[in-house]
Every structure is written in structure tokens, then in C-alpha cells.
Amino acid sequence: MKRLAMLTGLFLATAAAAGESTPVLTVYTYDSFATEWGPGPAIEAGFEAECGCDLRFVTAGDGAALLARLRMEGAGTAADVVVGLDQNLIAEASETGLFAPHGVTGGRLDLPVAWTDPVFLPFDWGYFAFVYDRTRLASPPASFRALAASDLSIVIQDPRSSTPGLGLLLWVRDAYGAGAASLWADLADNIVTVTPGWSEAYGLFLNGEADMVLSYTTSPAYHLIAEGDDSKAAAIFEEGHFLQVEVAARLQSSKQPALADRFLAYLMSDAAQSAIPTTNWMYPARTPSGGLPDGFAALPVPPRARMLPADAVPALREAALEEWREALSR
Amino acid sequence: MTRHWPGWLAVAAVLTAVGGSLLAVLVHAGGSGALGPADAAAIRFTLWQAALSALASVALAVPVARALARRRFGGRGLLVALLGAPFILPTVAAAFGLLAIFGQGGLVNDMLDALGFGRLSIYGPQGVILAHVFYNLPLAVRLLLQGWSAIPAERFRAAAALGFTTRDINRHLERPMLREVLPGAFLAVFLICLSSFSIALMLGGGPRATTVELAIYQAFRFDFDLGRAATLAAVQLCICGLASLLALWIAIPGAFGAGLGRQADRWDANEGWRRAADAALLAAVTVFLLAPVLAVAIAGLAALGELGRAALAAALRSLAVGACSALLAVAAALAIGTLAAGRRGLAGRLAEGAGMLPVVASPLVIGTGAFLLLRPLADTGDLALAVTALANALAALPFALRAIAPAAVRLQADYGRLADSLSLRGLSRLRHLVLPRLRPVLCFAFGLSAALSIGDLGVIALFGDPARATLPYHIQTLMGAYRMDAAAAATLLLLAVSFGVFLAFERLGRHDPDA
């Protein structure tokens with residue numbers, strides 16, 4: 001018994017010594033990034049193999065929850081890097097002054113829009129789109145107007161509690177400007193219901209509660225690649241599709257800025273970027289040298305990518321939320 | 001006062017947890033926030049849907065509980081237990097189960113279609129109320145059934161000897177009992193519906209169905225206005241406080257006196273049409289409550305192959321969390337219930353009211369408050385499971401209290417003076433009087449609390465980590481990663497675990513105290 005205690009003590013001492021010599025890099029990210037099906041495990045193993053450090057993921061629900069948590073922690077946060085805010089949160093994130101410019105320069109970005117932000121580094125992106133089942137719907141609508149005029153049913157997410165929900169709000173606002181309110185009024189009878197988050201909406205769609213669901217153009221790739229099911233497709237709208245660009249950033253308060261920058265550089269490497277498509281089901285921000293997986297290359301591409309300038313989002317979304325609530329509360 | 005120190009301690013702990021977390025958020029925000037017109041609309045919607053849902057649930061629960069109370073048939077015990085299933089379903093699973101029956105692609109609409117009728121839409125206020133009745137009818141029935149079984153069998157015997165008709169029994173036995181139990185049952189359902197969020201939004205069909213909890217959510221993540229979030233949470237607590245006081249003030253103890261605790265034989269209501277009506281009612285309610293649960297189970301069975309090791313590990317974690325939560329919740333509920341039974345004045349009512357507060361304490365505010373308070377002390381990721389156990393205990397306390405408090409009041413009325421005259425106090429009173437007499441309700445409360453805690457997502461989603469997930473959190477991450485089949489299988493596992501625990505403790509509670 002005594003010997004066991006001594007051995008345990010010895011083990012703990014060596015573990016502590018090892019802990020001292022290995023720097024720990026703390027990365028805040030959203031839940032699904034760090035699960036066993038997300039890109040987290042591959043990225044952790046790959047980066048730890050070359051950095052001589054311990055990479056630790058700390059998670060919050062989604063991008064907005066991540067930012068809320070960082071705001072609560074302020075400069076005292078344990079985070080060195082945050083992975084998983086999106087472009088619609090950038091204005092508010094910048095305002096906090098918690099983030100520092102990253103040192104990842106050079107290297108191209110394969111985004112459908114120009115990107116020059118020195119602080120927030122895009123690591124993946126996707127187009128919002130309405131996904132439908134081809135066996136149930138032969139000819140999908142080709143625009144918001146056509147959708148609103150049809151008697152097709154859709155499920156969307158609440159912009160107050162969900163990132164895709166907010167994306168749709170800004171999409172309609174960007175495409176229709178002052179006409180957004182009347183479009184929402186026309187869409188009201190197509191909307192079966194509004195869910196708190198993406199997963200409830202997608203689940204309802206799969207269970208046959210609606211003809212279409214707000215998701216991403218890349219969603220059908222999941223069904224094709226992971227399930228061998230080619231029945232799901234995204235309807236392409238002629239107004240163009242709103243983008244979601246997911247970004248990573250280094251915290252100003254990080255005590256190991258060089259290691260943090262090294263991680264951001266690794267995030268953009270071939271190894272990390274090639275893990276993105278079939279784990280996060282988004283387009284990589286820098287197409288790896290091996291190209292995209294088969295199911296991705298065949299996905300339809302919208303005629304136009306829409307995005308709002310980051311600093312225009314905060315003012316617009318208040319007004320957009322109000323007209324959304326007005327139109328759907330009637 | 002000193003005699004009831006465990007009760008006061010429990011009240012203090014509840015107030016500290018609920019008030020402290022709210023205060024932490026307020027202090028961090030630098031003060032309260034102003035409410036907008038949309039918030040006022042959310043408060044109005046929340047109040048009327050909760051009142052209507054509670055009214056519908058309780059109104060339906062009275063005939064159901066009466067039918068169960070006066071009929072004896074094979075499998076009755078099992079049926080009573082099974083009817084509890086919806087209440088311990090996780091909210092998202094409950095919504096999916098209901099939609100499998102009543103949704104656009106659901107069984108009812110398919111049948112209407114086949115018969116050539118138009119399709120019905122569940123989405124709207126009708127959906128919110130249907131869902132809340134589905135969810136809360138089991139609880140209301142259980143609470144009322146406890147009231148019926150608290151009428152000593154000797155009273156029914158006397159009633160039969162005196163030639164009481166069904167109406168006489170109703171007037172002299174059942175109505176006084178309902179006067180005692182109904183306000184509490186209504187209150188419990190009202191408060192649950194007050195803090196509803198996912199179900200109200202999903203089945204309410206859109207922003208019309210914005211509840212206060214969703215407004216809190218918006219204040220947090222859309223506006224990052226912690227002050228407004230805290231103000232809304234305080235409004236919710238005030239409504240809860242007022243409603244609790246009102247309900248406890250209306251409730252009047254039935255004063256049936258003590259019996260020998262044997263099962264009541266009933267000689268009334270034996271006319272054929274009454275038997276048929278009771279049977280039809282029970283059959284209809286059974287189908288209404290169990291079909292959605294069955295739909296969830298069938299979806300899970302079909303995907304059982306997808307069940308991974310991570311789900312099993314998460315189930316074990318959930319069991320541990322559930323056991324801790326249930327122990328804490330039942331201990332606190334017994335302490336508060338005994339206190340409320342011993343001091344029937346304002347102090348006792350306030351204590352009982354305080355025990356009801358957590359049911360409307362916003363999980364988002366509790367979690368954030370706990371996070372702000374604990375962060376300076378330790379790594380919040382390491383504390384996630386402990387905080388979840390505490391928060392779930394807090395969330396289960398009101399239900400444990402509703403089950404235990406009326407029984408504690410009756411125990412005090414029937415045996416209090418005898419025990420006092422024998423100087424039976426403290427631990428020996430607990431051992432020789434309270435535990436054996438209250439065993440059925442204590443076991444029921446423990447099983448219920450554990451099941452609720454196992455099924456509750458709770459605060460873990462705020463600062464958990466997927467590698468140390470509880471089962472509900474694991475299901476949420478599966479759904480977030482397109483793995484709806486695996487999520488369905490894990491939901492079946494969750495249902496089996498929480499219902500298994502509930503059933504096991506219910507059986508344990510059926511032991512006869514006089515044996």
C-alpha cells in the first residue's frame with residue numbers, strides 16, 4: 001500500500017514537471033467544432049505533433065455564445081485563440097478591444113468575396129440556402145419571390161437565438177432593402193414554424209414537417225458523403241446567397257502570442273483545411289492542394305455571393321429584426 | 001425557529017443560489033436594464049399561455065385522477081407509472097414525439113388525409129397549449145392522485161355504510177380534498193409553462209410565441225444586454241412569487257384525520273355508464289400521452305445500431321449527476337416541507353413559496369451567474385458536472401416539494417401532537433415517524449427528481465465540454481453534427497435510463513409503512 005502511494009506520488013510529480021515544461025494553448029471554440037465528429041480532434045493531433053505544446057479546447061454553444069463568454073471574461077480570459085465567430089459578429093467583437101491582429105500574412109484565401117481584415121482570419125465559409133428533398137419536391141423555387149408565391153412550407157431558425165436565423169434576416173435585408181418587410185409578409189404563410197436553433201429545424205425537415213429548411217448549400221454533401229444518400233439538394237436563388245464566413249482570432253491578452261499565431265497558421269495549412277469539408281461541412285477558406293472531396297466539387301454554386309460590410313451589421317440587424325417580428329406576428 | 005433549522009437552511013440555500021446568481025449578473029452588468037415593448041409583449045404572452053395551459057391540464061387531470069382513484073384493474077399501477085413518462089421526456093424529444101403524431105407529416109394528419117378530411121395545423125397557440133397539456137397532465141394527475149389516496153380508506157367505508165351517492169362523496173370527501181390539492185397542482189403547471197422556451201417557440205409557430213425565457217436569451221446573445229436579461233429574470237421570479245403566495249393562500253387543508261393507510265375500497269360510482277365513461281377517458285388519455293412517447297421510442301429503436309460508446313459514457317455521467325441532484329432535492333424538499341407543516345403561519349408559506357422559486361429561475365441566468373461567481377475560484381470546465389448537479393437539484397426541488405409538502409402537512413396534523421407528547425424529536429422523529437410514513441412520497445420525489453435531472457440539459461451547455469458531456473448534452477451535439485439517427489438512439493437510451501430510475505423508485509415506495 002505504501003509503495004503504491006509512493007508510486008502515485010512519483011507519477012504525480014513527473015506529471016507536474018511535464019506540465020511545467022509543455023506550454024498550454026487554450027482555444028475557445030463552439031461545441032460541434034470540438035466533438036469527435038468535428039474538425040477539433042484532427043487539428044489537435046496535427047498541431048500537437050509539431051508544436052511541442054498541449055492544445056486545449058474550451059467550448060461554448062455557438063459563435064454568439066463564444067463572444068458573450070469572452071465579453072464576460074474580459075482581459076482576464078484564459079483563451080489564447082478563439083475559433084468560430086462569424087463575420088456578423090466582427091463589429092461587436094472589434095469593439096471589445098479584446099482581439100489582436102494575427103501574424104498570418106501571405107497565402108491566398110479562396111473566398112467568393114474580398115477579405116482584408118487584419119484581426120479576424122477566415123478559416124471556413126458556406127452559403128446559406130434552403131435545402132429540400134428531391135424525392136418530395138421536383139421543381140424547387142428559384143427565388144425568394146417564387147418561394148413566397150408558392151404554397152411550399154419552410155422551417156427557419158429564430159434570429160434571436162440562432163446564427164443561421166440571423167443570416168437569413170440579413171440575407172433578405174441585403175437582397176430586398178426597403179422591400180424586405182413586404183417579402184417577409186409574403187413569406188409568413190410559408191413558414192411552418194421557427195425553431196430556437198439549427199438542429200431542431202433540420203430535424204423537423206428530415207421528419208417531413210416542411211418541404212424546405214434553412215441550412216447551407218453544403219448540407220447535401222453530408223448526406224451524400226456520410227450516408228450515401230443523394231436525395232437532398234439546395235435550392236439556388238437568383239437573388240444570390242448570403243455568406244457565412246467563420247473566423248478565428250488571437251486574444252490581445254494571450255501570454256504566448258507567437259504560439260497563438262503558429263496555431264492560426266496551422267489552421268490555414270493543408271492538413272487542417274482538408275479536414276474541414278467532411279467534419280464541419282463547410283468550404284475550406286484555403287482550398288487544400290488535394291482539392292475538395294468529391295461530393296463538394298459537384299455542389300451547385302450560387303450566381304452571386306452576398307455579404308454585408310461588418311460595420312454595417314449592428315445597425316441593420318436591429319431594424320431587420322423589428323420588421324421580421326412585425327411581419328410574422330400578424 | 002431552531003427546531004426547523006434544516007428547513008431554514010434549505011430556504012437560505014435556495015435564495016442564495018437563485019438570488020446570488022441573479023445578483024452576480026446584475027453587478028457584472030452594472031445595473032438593471034430597461035424593458036422594451038417587445039419584452040412587455042413577451043411577458044403578456046407568457047402569462048396567458050401559462051394560465052391557459054395550467055387550466056386545461058388541471059381541468060383534464062381531475063376526471064382522469066378520479067377515474068384512476070376509483071377503479072381497480074389489472075396493470076393499474078403500471079399504467080399510473082407509464083402515464084408519468086411525458087413529464088420526464090427532454091423537451092426537444094417531447095416536441096419531436098408530439099409532431100410525429102400531430103405534426104404536418106404526423107399520424108393524425110395522415111389519417112385525416114386518408115379519410116378525405118382537411119389537414120390540421122398544430123402550429124400556433126393551440127400547439128403550445130396541446131404540448132403543455134401533454135407535458136404537464138401527468139404531473140397534475142399524480143399530484144391529484146396523491147390527494148385522493150390521502151383520503152383514508154375508512155372514510156370511504158363510512159360513506160358506503162351511510163349510503164352516500166357519487167354526488168355525496170364528491171361533496172363531502174373529494175371537493176374538500178381538491179380544495180387542498182388543486183391550487184398547488186395548478187401552480188406547479190403554471191410555473192413550468194411560465195419558463196417554457198423551446199416548446200413554446202417550436203410549436204407556437206414563430207415570434208408570436210415569444211416567451212420571457214426567449215427574451216432573456218435575446219438580451220444575452222443578440223443584444224448582449226446582461227442588465228435587461230437580469231431584469232427579465234427578476235420579473236419572472238416576481239410572477240412566480242406572487243402566484244405561489246396566492247395558490248398557497250387559496251389552498252385549505254382537508255382535515256380528513258388519520259387512517260390506517262390501507263387501499264380504499266370503493267362502493268360508489270358502480271353504474272355501468274360511469275364505469276364505461278371512466279374506461280373511455282382512461283383509454284383516450286393513455287393514447288394521447290403514450291403515442292408520442294412511443295413515437296420517440298420507435299425512432300430510437302430503428303437507429304439503435306448508431307448508439308456509440310460516448311453515449312453510454314454520457315449516460316453513466318448523467319446517472320451520477322441525477323443521483324446527486326435527487327438526493328439534494330429530496331433532502332431540501334423534506335426540510336422545507338416539514339418546516340411549512342410545522343409553521344402554518346406566513347413564515348411557513350413564505351418558506352414553501354421560496355422552494356417554488358427555482359422552477360422559473362432562468363437556467364441561462366443561473367448558469368451565467370454561477371459562471372461569474374465561480375470563475376475566480378476554479379476552472380469552470382472542471383466544475384461543469386458539479387454545477388450541473390446543483391442546478392438540476394435546484395430545478396427539481398419545486399416538484400419534490402409539491403410531492404412532499406402536502407404529505408408532510410398531513411403527517412403533522414395526524415401525528416404531530418402525539419409525537420410531541422412523546423418528545424419524539426430530531427433524528428429519532430425522522431427515523432421512526434417521518435421516513436416510514438413519508439416513504440412513498442419520498443421515493444416518488446427521489447425518482448422524479450433523478451429522472452428530471454437526467455433528462456435536463458440544464459446549465460452544462462453553457463460551460464460543459466463535449467468530452468465530459470451528460471446524455472442530454474451529448475444528444476444536442478449529435479443533432480448539431482447532422483447525426484439525427486444517432487441522436488434518436490441516444491434519446492431512447494435517455495428515456496430508458498430516466499424512466500427506469502423513476503420506475504425503480506416508485507416500486508421502492510410502494511412498501512407498506514405498517515408492515
# chains A, B, ... in the order shown; residues from 1 in each chain; ligands from 1
>>> interface_residues(of="chain B", to="chain A", cutoff="7 Å", atoms="only C-alpha atoms", output="list in words")
Gly103, Gln104, Gly105, Tyr123, Ser198, Leu201, Met202, Leu203, Gly205, Gly206, Pro207, Arg208, Tyr217, Gln218, Arg221, Phe222, Phe224, Ala461, Leu462, Phe463, Gly464, Asp465, Pro466, Thr477, Met479, Gly480, Ala481 and Met484 of chain B
>>> select_by_dssp(residues="range 18-220 of chain A", states="strand (DSSP E)", output="ChimeraX atom specification")
/A:24-30,54-60,81-86,99-100,121-133,154-157,191-195,212-216
>>> residues_around(residues="range 93-95 of chain B", least_positions_apart="6", cutoff="9 Å", atoms="only C-alpha atoms", output="PDB file with C-alpha atoms, in the first residue's frame")
ATOM      1  CA  PRO B  86     -44.130  12.544 -20.889  1.00  0.00           C
ATOM      2  CA  PHE B  87     -43.138  14.656 -17.907  1.00  0.00           C
ATOM      3  CA  ALA B 131     -47.792  20.491 -25.869  1.00  0.00           C
ATOM      4  CA  PHE B 134     -49.167  16.676 -22.909  1.00  0.00           C
ATOM      5  CA  TYR B 135     -46.155  17.574 -20.819  1.00  0.00           C
ATOM      6  CA  SER B 198     -38.147  25.646 -26.895  1.00  0.00           C
ATOM      7  CA  ILE B 199     -41.582  24.007 -26.982  1.00  0.00           C
ATOM      8  CA  MET B 202     -41.294  25.450 -31.955  1.00  0.00           C
ATOM      9  CA  LEU B 203     -44.994  24.722 -31.688  1.00  0.00           C
ATOM     10  CA  PRO B 292     -45.816  10.493 -28.766  1.00  0.00           C
ATOM     11  CA  VAL B 293     -43.554   8.684 -26.286  1.00  0.00           C
ATOM     12  CA  VAL B 296     -39.784   8.681 -29.816  1.00  0.00           C
ATOM     13  CA  ALA B 488     -32.678   9.408 -31.803  1.00  0.00           C
ATOM     14  CA  THR B 491     -32.745   9.796 -26.837  1.00  0.00           C
TER      15      THR B 491
END
>>> residues_around(residues="range 93-95 of chain A", least_positions_apart="2", cutoff="10 Å", atoms="only C-alpha atoms", output="JSON, numbers by chain")
{"A": [64, 67, 68, 70, 71, 85, 86, 87, 88, 89, 90, 91, 97, 98, 99, 100, 119, 120, 310, 311]}
>>> write_last_selection(atoms="N, CA and C atoms", output="PDB file, in the first residue's frame")
ATOM      1  N   ALA A  64     -22.090  33.183 -31.192  1.00  0.00           N
ATOM      2  CA  ALA A  64     -22.597  34.261 -30.339  1.00  0.00           C
ATOM      3  C   ALA A  64     -22.336  33.957 -28.862  1.00  0.00           C
ATOM      4  N   LEU A  67     -18.676  34.699 -28.099  1.00  0.00           N
ATOM      5  CA  LEU A  67     -18.391  36.119 -27.918  1.00  0.00           C
ATOM      6  C   LEU A  67     -18.923  36.596 -26.566  1.00  0.00           C
ATOM      7  N   ALA A  68     -20.135  36.121 -26.193  1.00  0.00           N
ATOM      8  CA  ALA A  68     -20.714  36.519 -24.905  1.00  0.00           C
ATOM      9  C   ALA A  68     -19.789  36.082 -23.773  1.00  0.00           C
ATOM     10  N   LEU A  70     -16.512  35.525 -23.905  1.00  0.00           N
ATOM     11  CA  LEU A  70     -15.293  36.327 -23.904  1.00  0.00           C
ATOM     12  C   LEU A  70     -15.559  37.718 -23.326  1.00  0.00           C
ATOM     13  N   ARG A  71     -16.730  38.275 -23.613  1.00  0.00           N
ATOM     14  CA  ARG A  71     -17.058  39.593 -23.069  1.00  0.00           C
ATOM     15  C   ARG A  71     -17.168  39.538 -21.557  1.00  0.00           C
ATOM     16  N   LEU A  85     -16.101  32.528 -34.442  1.00  0.00           N
ATOM     17  CA  LEU A  85     -17.018  33.667 -34.571  1.00  0.00           C
ATOM     18  C   LEU A  85     -17.386  33.736 -36.049  1.00  0.00           C
ATOM     19  N   ASP A  86     -18.441  34.493 -36.408  1.00  0.00           N
ATOM     20  CA  ASP A  86     -18.659  34.679 -37.836  1.00  0.00           C
ATOM     21  C   ASP A  86     -18.676  36.163 -38.186  1.00  0.00           C
ATOM     22  N   GLN A  87     -18.731  36.459 -39.488  1.00  0.00           N
ATOM     23  CA  GLN A  87     -18.499  37.841 -39.900  1.00  0.00           C
ATOM     24  C   GLN A  87     -19.535  38.803 -39.331  1.00  0.00           C
ATOM     25  N   ASN A  88     -20.739  38.285 -39.023  1.00  0.00           N
ATOM     26  CA  ASN A  88     -21.764  39.183 -38.490  1.00  0.00           C
ATOM     27  C   ASN A  88     -21.487  39.602 -37.049  1.00  0.00           C
ATOM     28  N   LEU A  89     -20.541  38.951 -36.408  1.00  0.00           N
ATOM     29  CA  LEU A  89     -20.197  39.291 -35.028  1.00  0.00           C
ATOM     30  C   LEU A  89     -18.949  40.164 -34.960  1.00  0.00           C
ATOM     31  N   ILE A  90     -18.302  40.379 -36.127  1.00  0.00           N
ATOM     32  CA  ILE A  90     -16.990  41.030 -36.122  1.00  0.00           C
ATOM     33  C   ILE A  90     -17.053  42.454 -35.568  1.00  0.00           C
ATOM     34  N   ALA A  91     -18.073  43.222 -35.946  1.00  0.00           N
ATOM     35  CA  ALA A  91     -18.142  44.609 -35.487  1.00  0.00           C
ATOM     36  C   ALA A  91     -18.181  44.676 -33.962  1.00  0.00           C
ATOM     37  N   GLY A  97     -12.244  45.338 -28.103  1.00  0.00           N
ATOM     38  CA  GLY A  97     -10.804  45.570 -27.985  1.00  0.00           C
ATOM     39  C   GLY A  97     -10.054  44.373 -27.428  1.00  0.00           C
ATOM     40  N   LEU A  98     -10.700  43.188 -27.435  1.00  0.00           N
ATOM     41  CA  LEU A  98     -10.065  42.010 -26.841  1.00  0.00           C
ATOM     42  C   LEU A  98      -9.148  41.287 -27.826  1.00  0.00           C
ATOM     43  N   PHE A  99      -9.236  41.644 -29.116  1.00  0.00           N
ATOM     44  CA  PHE A  99      -8.538  40.849 -30.121  1.00  0.00           C
ATOM     45  C   PHE A  99      -7.365  41.618 -30.742  1.00  0.00           C
ATOM     46  N   ALA A 100      -6.342  40.870 -31.124  1.00  0.00           N
ATOM     47  CA  ALA A 100      -5.138  41.481 -31.684  1.00  0.00           C
ATOM     48  C   ALA A 100      -4.946  41.010 -33.118  1.00  0.00           C
ATOM     49  N   VAL A 119      -7.384  41.331 -38.277  1.00  0.00           N
ATOM     50  CA  VAL A 119      -7.572  40.711 -36.959  1.00  0.00           C
ATOM     51  C   VAL A 119      -8.268  39.354 -37.085  1.00  0.00           C
ATOM     52  N   PHE A 120      -9.336  39.318 -37.868  1.00  0.00           N
ATOM     53  CA  PHE A 120     -10.165  38.113 -37.946  1.00  0.00           C
ATOM     54  C   PHE A 120      -9.841  37.323 -39.208  1.00  0.00           C
ATOM     55  N   ALA A 310     -18.918  44.375 -42.366  1.00  0.00           N
ATOM     56  CA  ALA A 310     -19.035  44.040 -40.942  1.00  0.00           C
ATOM     57  C   ALA A 310     -19.580  45.192 -40.112  1.00  0.00           C
ATOM     58  N   ASP A 311     -19.140  46.423 -40.414  1.00  0.00           N
ATOM     59  CA  ASP A 311     -19.560  47.535 -39.553  1.00  0.00           C
ATOM     60  C   ASP A 311     -20.997  47.981 -39.837  1.00  0.00           C
TER      61      ASP A 311
END
>>> residues_around(residues="range 168-170 of chain B", least_positions_apart="4", cutoff="10 Å", atoms="only C-alpha atoms", output="list in words")
Arg155, Phe156, Ala159, Ala160, Gly163, Phe164, Glu174, Arg175, Pro176, Met177, Leu178, Asp268 and Ala269 of chain B
>>> write_last_selection(atoms="N, CA and C atoms", output="PDB file, in the first residue's frame")
ATOM      1  N   ARG B 155     -62.813   6.457   5.507  1.00  0.00           N
ATOM      2  CA  ARG B 155     -63.841   7.460   5.176  1.00  0.00           C
ATOM      3  C   ARG B 155     -64.761   6.933   4.078  1.00  0.00           C
ATOM      4  N   PHE B 156     -64.170   6.234   3.099  1.00  0.00           N
ATOM      5  CA  PHE B 156     -64.993   5.675   2.023  1.00  0.00           C
ATOM      6  C   PHE B 156     -65.874   4.556   2.564  1.00  0.00           C
ATOM      7  N   ALA B 159     -68.625   6.186   4.270  1.00  0.00           N
ATOM      8  CA  ALA B 159     -69.519   6.762   3.268  1.00  0.00           C
ATOM      9  C   ALA B 159     -70.429   5.680   2.699  1.00  0.00           C
ATOM     10  N   ALA B 160     -69.868   4.505   2.438  1.00  0.00           N
ATOM     11  CA  ALA B 160     -70.654   3.402   1.888  1.00  0.00           C
ATOM     12  C   ALA B 160     -71.700   2.949   2.904  1.00  0.00           C
ATOM     13  N   GLY B 163     -74.597   5.070   2.958  1.00  0.00           N
ATOM     14  CA  GLY B 163     -75.352   5.098   1.711  1.00  0.00           C
ATOM     15  C   GLY B 163     -75.101   6.345   0.876  1.00  0.00           C
ATOM     16  N   PHE B 164     -73.865   6.867   0.937  1.00  0.00           N
ATOM     17  CA  PHE B 164     -73.507   8.040   0.127  1.00  0.00           C
ATOM     18  C   PHE B 164     -73.630   7.732  -1.361  1.00  0.00           C
ATOM     19  N   GLU B 174     -64.390  14.478  -1.821  1.00  0.00           N
ATOM     20  CA  GLU B 174     -63.500  14.859  -2.916  1.00  0.00           C
ATOM     21  C   GLU B 174     -63.306  16.365  -3.020  1.00  0.00           C
ATOM     22  N   ARG B 175     -64.399  17.128  -2.844  1.00  0.00           N
ATOM     23  CA  ARG B 175     -64.253  18.569  -3.022  1.00  0.00           C
ATOM     24  C   ARG B 175     -63.326  19.204  -1.985  1.00  0.00           C
ATOM     25  N   PRO B 176     -63.467  18.864  -0.704  1.00  0.00           N
ATOM     26  CA  PRO B 176     -62.515  19.423   0.265  1.00  0.00           C
ATOM     27  C   PRO B 176     -61.069  19.032  -0.058  1.00  0.00           C
ATOM     28  N   MET B 177     -60.901  17.789  -0.522  1.00  0.00           N
ATOM     29  CA  MET B 177     -59.558  17.339  -0.882  1.00  0.00           C
ATOM     30  C   MET B 177     -59.030  18.169  -2.056  1.00  0.00           C
ATOM     31  N   LEU B 178     -59.864  18.381  -3.069  1.00  0.00           N
ATOM     32  CA  LEU B 178     -59.423  19.149  -4.243  1.00  0.00           C
ATOM     33  C   LEU B 178     -59.090  20.587  -3.847  1.00  0.00           C
ATOM     34  N   ASP B 268     -69.061   3.160  -4.477  1.00  0.00           N
ATOM     35  CA  ASP B 268     -69.873   4.132  -5.205  1.00  0.00           C
ATOM     36  C   ASP B 268     -69.548   4.071  -6.692  1.00  0.00           C
ATOM     37  N   ALA B 269     -70.237   4.860  -7.462  1.00  0.00           N
ATOM     38  CA  ALA B 269     -69.968   5.035  -8.886  1.00  0.00           C
ATOM     39  C   ALA B 269     -69.891   3.720  -9.637  1.00  0.00           C
TER      40      ALA B 269
END
>>> closest_residue(among="A:Arg262, A:Arg286, A:Arg56, A:Arg173", to="Phe144 in chain A", atoms="only C-alpha atoms")
A:Arg173
>>> residues_around(residues="Ala298 in chain A", least_positions_apart="4", cutoff="12 Å", atoms="only C-alpha atoms", output="ChimeraX atom specification")
/A:217-218,220-221,224-225,230,233-234,292-294
>>> atom_distance(atom1="CA of Gln126 in chain B", atom2="CA of Leu52 in chain B")
10.3 Å
>>> select_by_dssp(residues="range 155-298 of chain A", states="alpha helix (DSSP H)", output="ChimeraX atom specification")
/A:163-176,180-187,198-206,219-227,257-267,270-275,277-280,294-297
>>> closest_residue(among="A:Ala320, A:Val81, A:Met307, A:Leu109", to="Pro284 in chain A", atoms="only C-alpha atoms")
A:Leu109
>>> atom_distance(atom1="CA of Ser289 in chain A", atom2="CA of Asp270 in chain A")
6.7 Å
>>> closest_residue(among="B:Ala311, B:Val501, B:Leu82, B:Val434", to="Ala467 in chain B", atoms="only C-alpha atoms")
B:Ala311
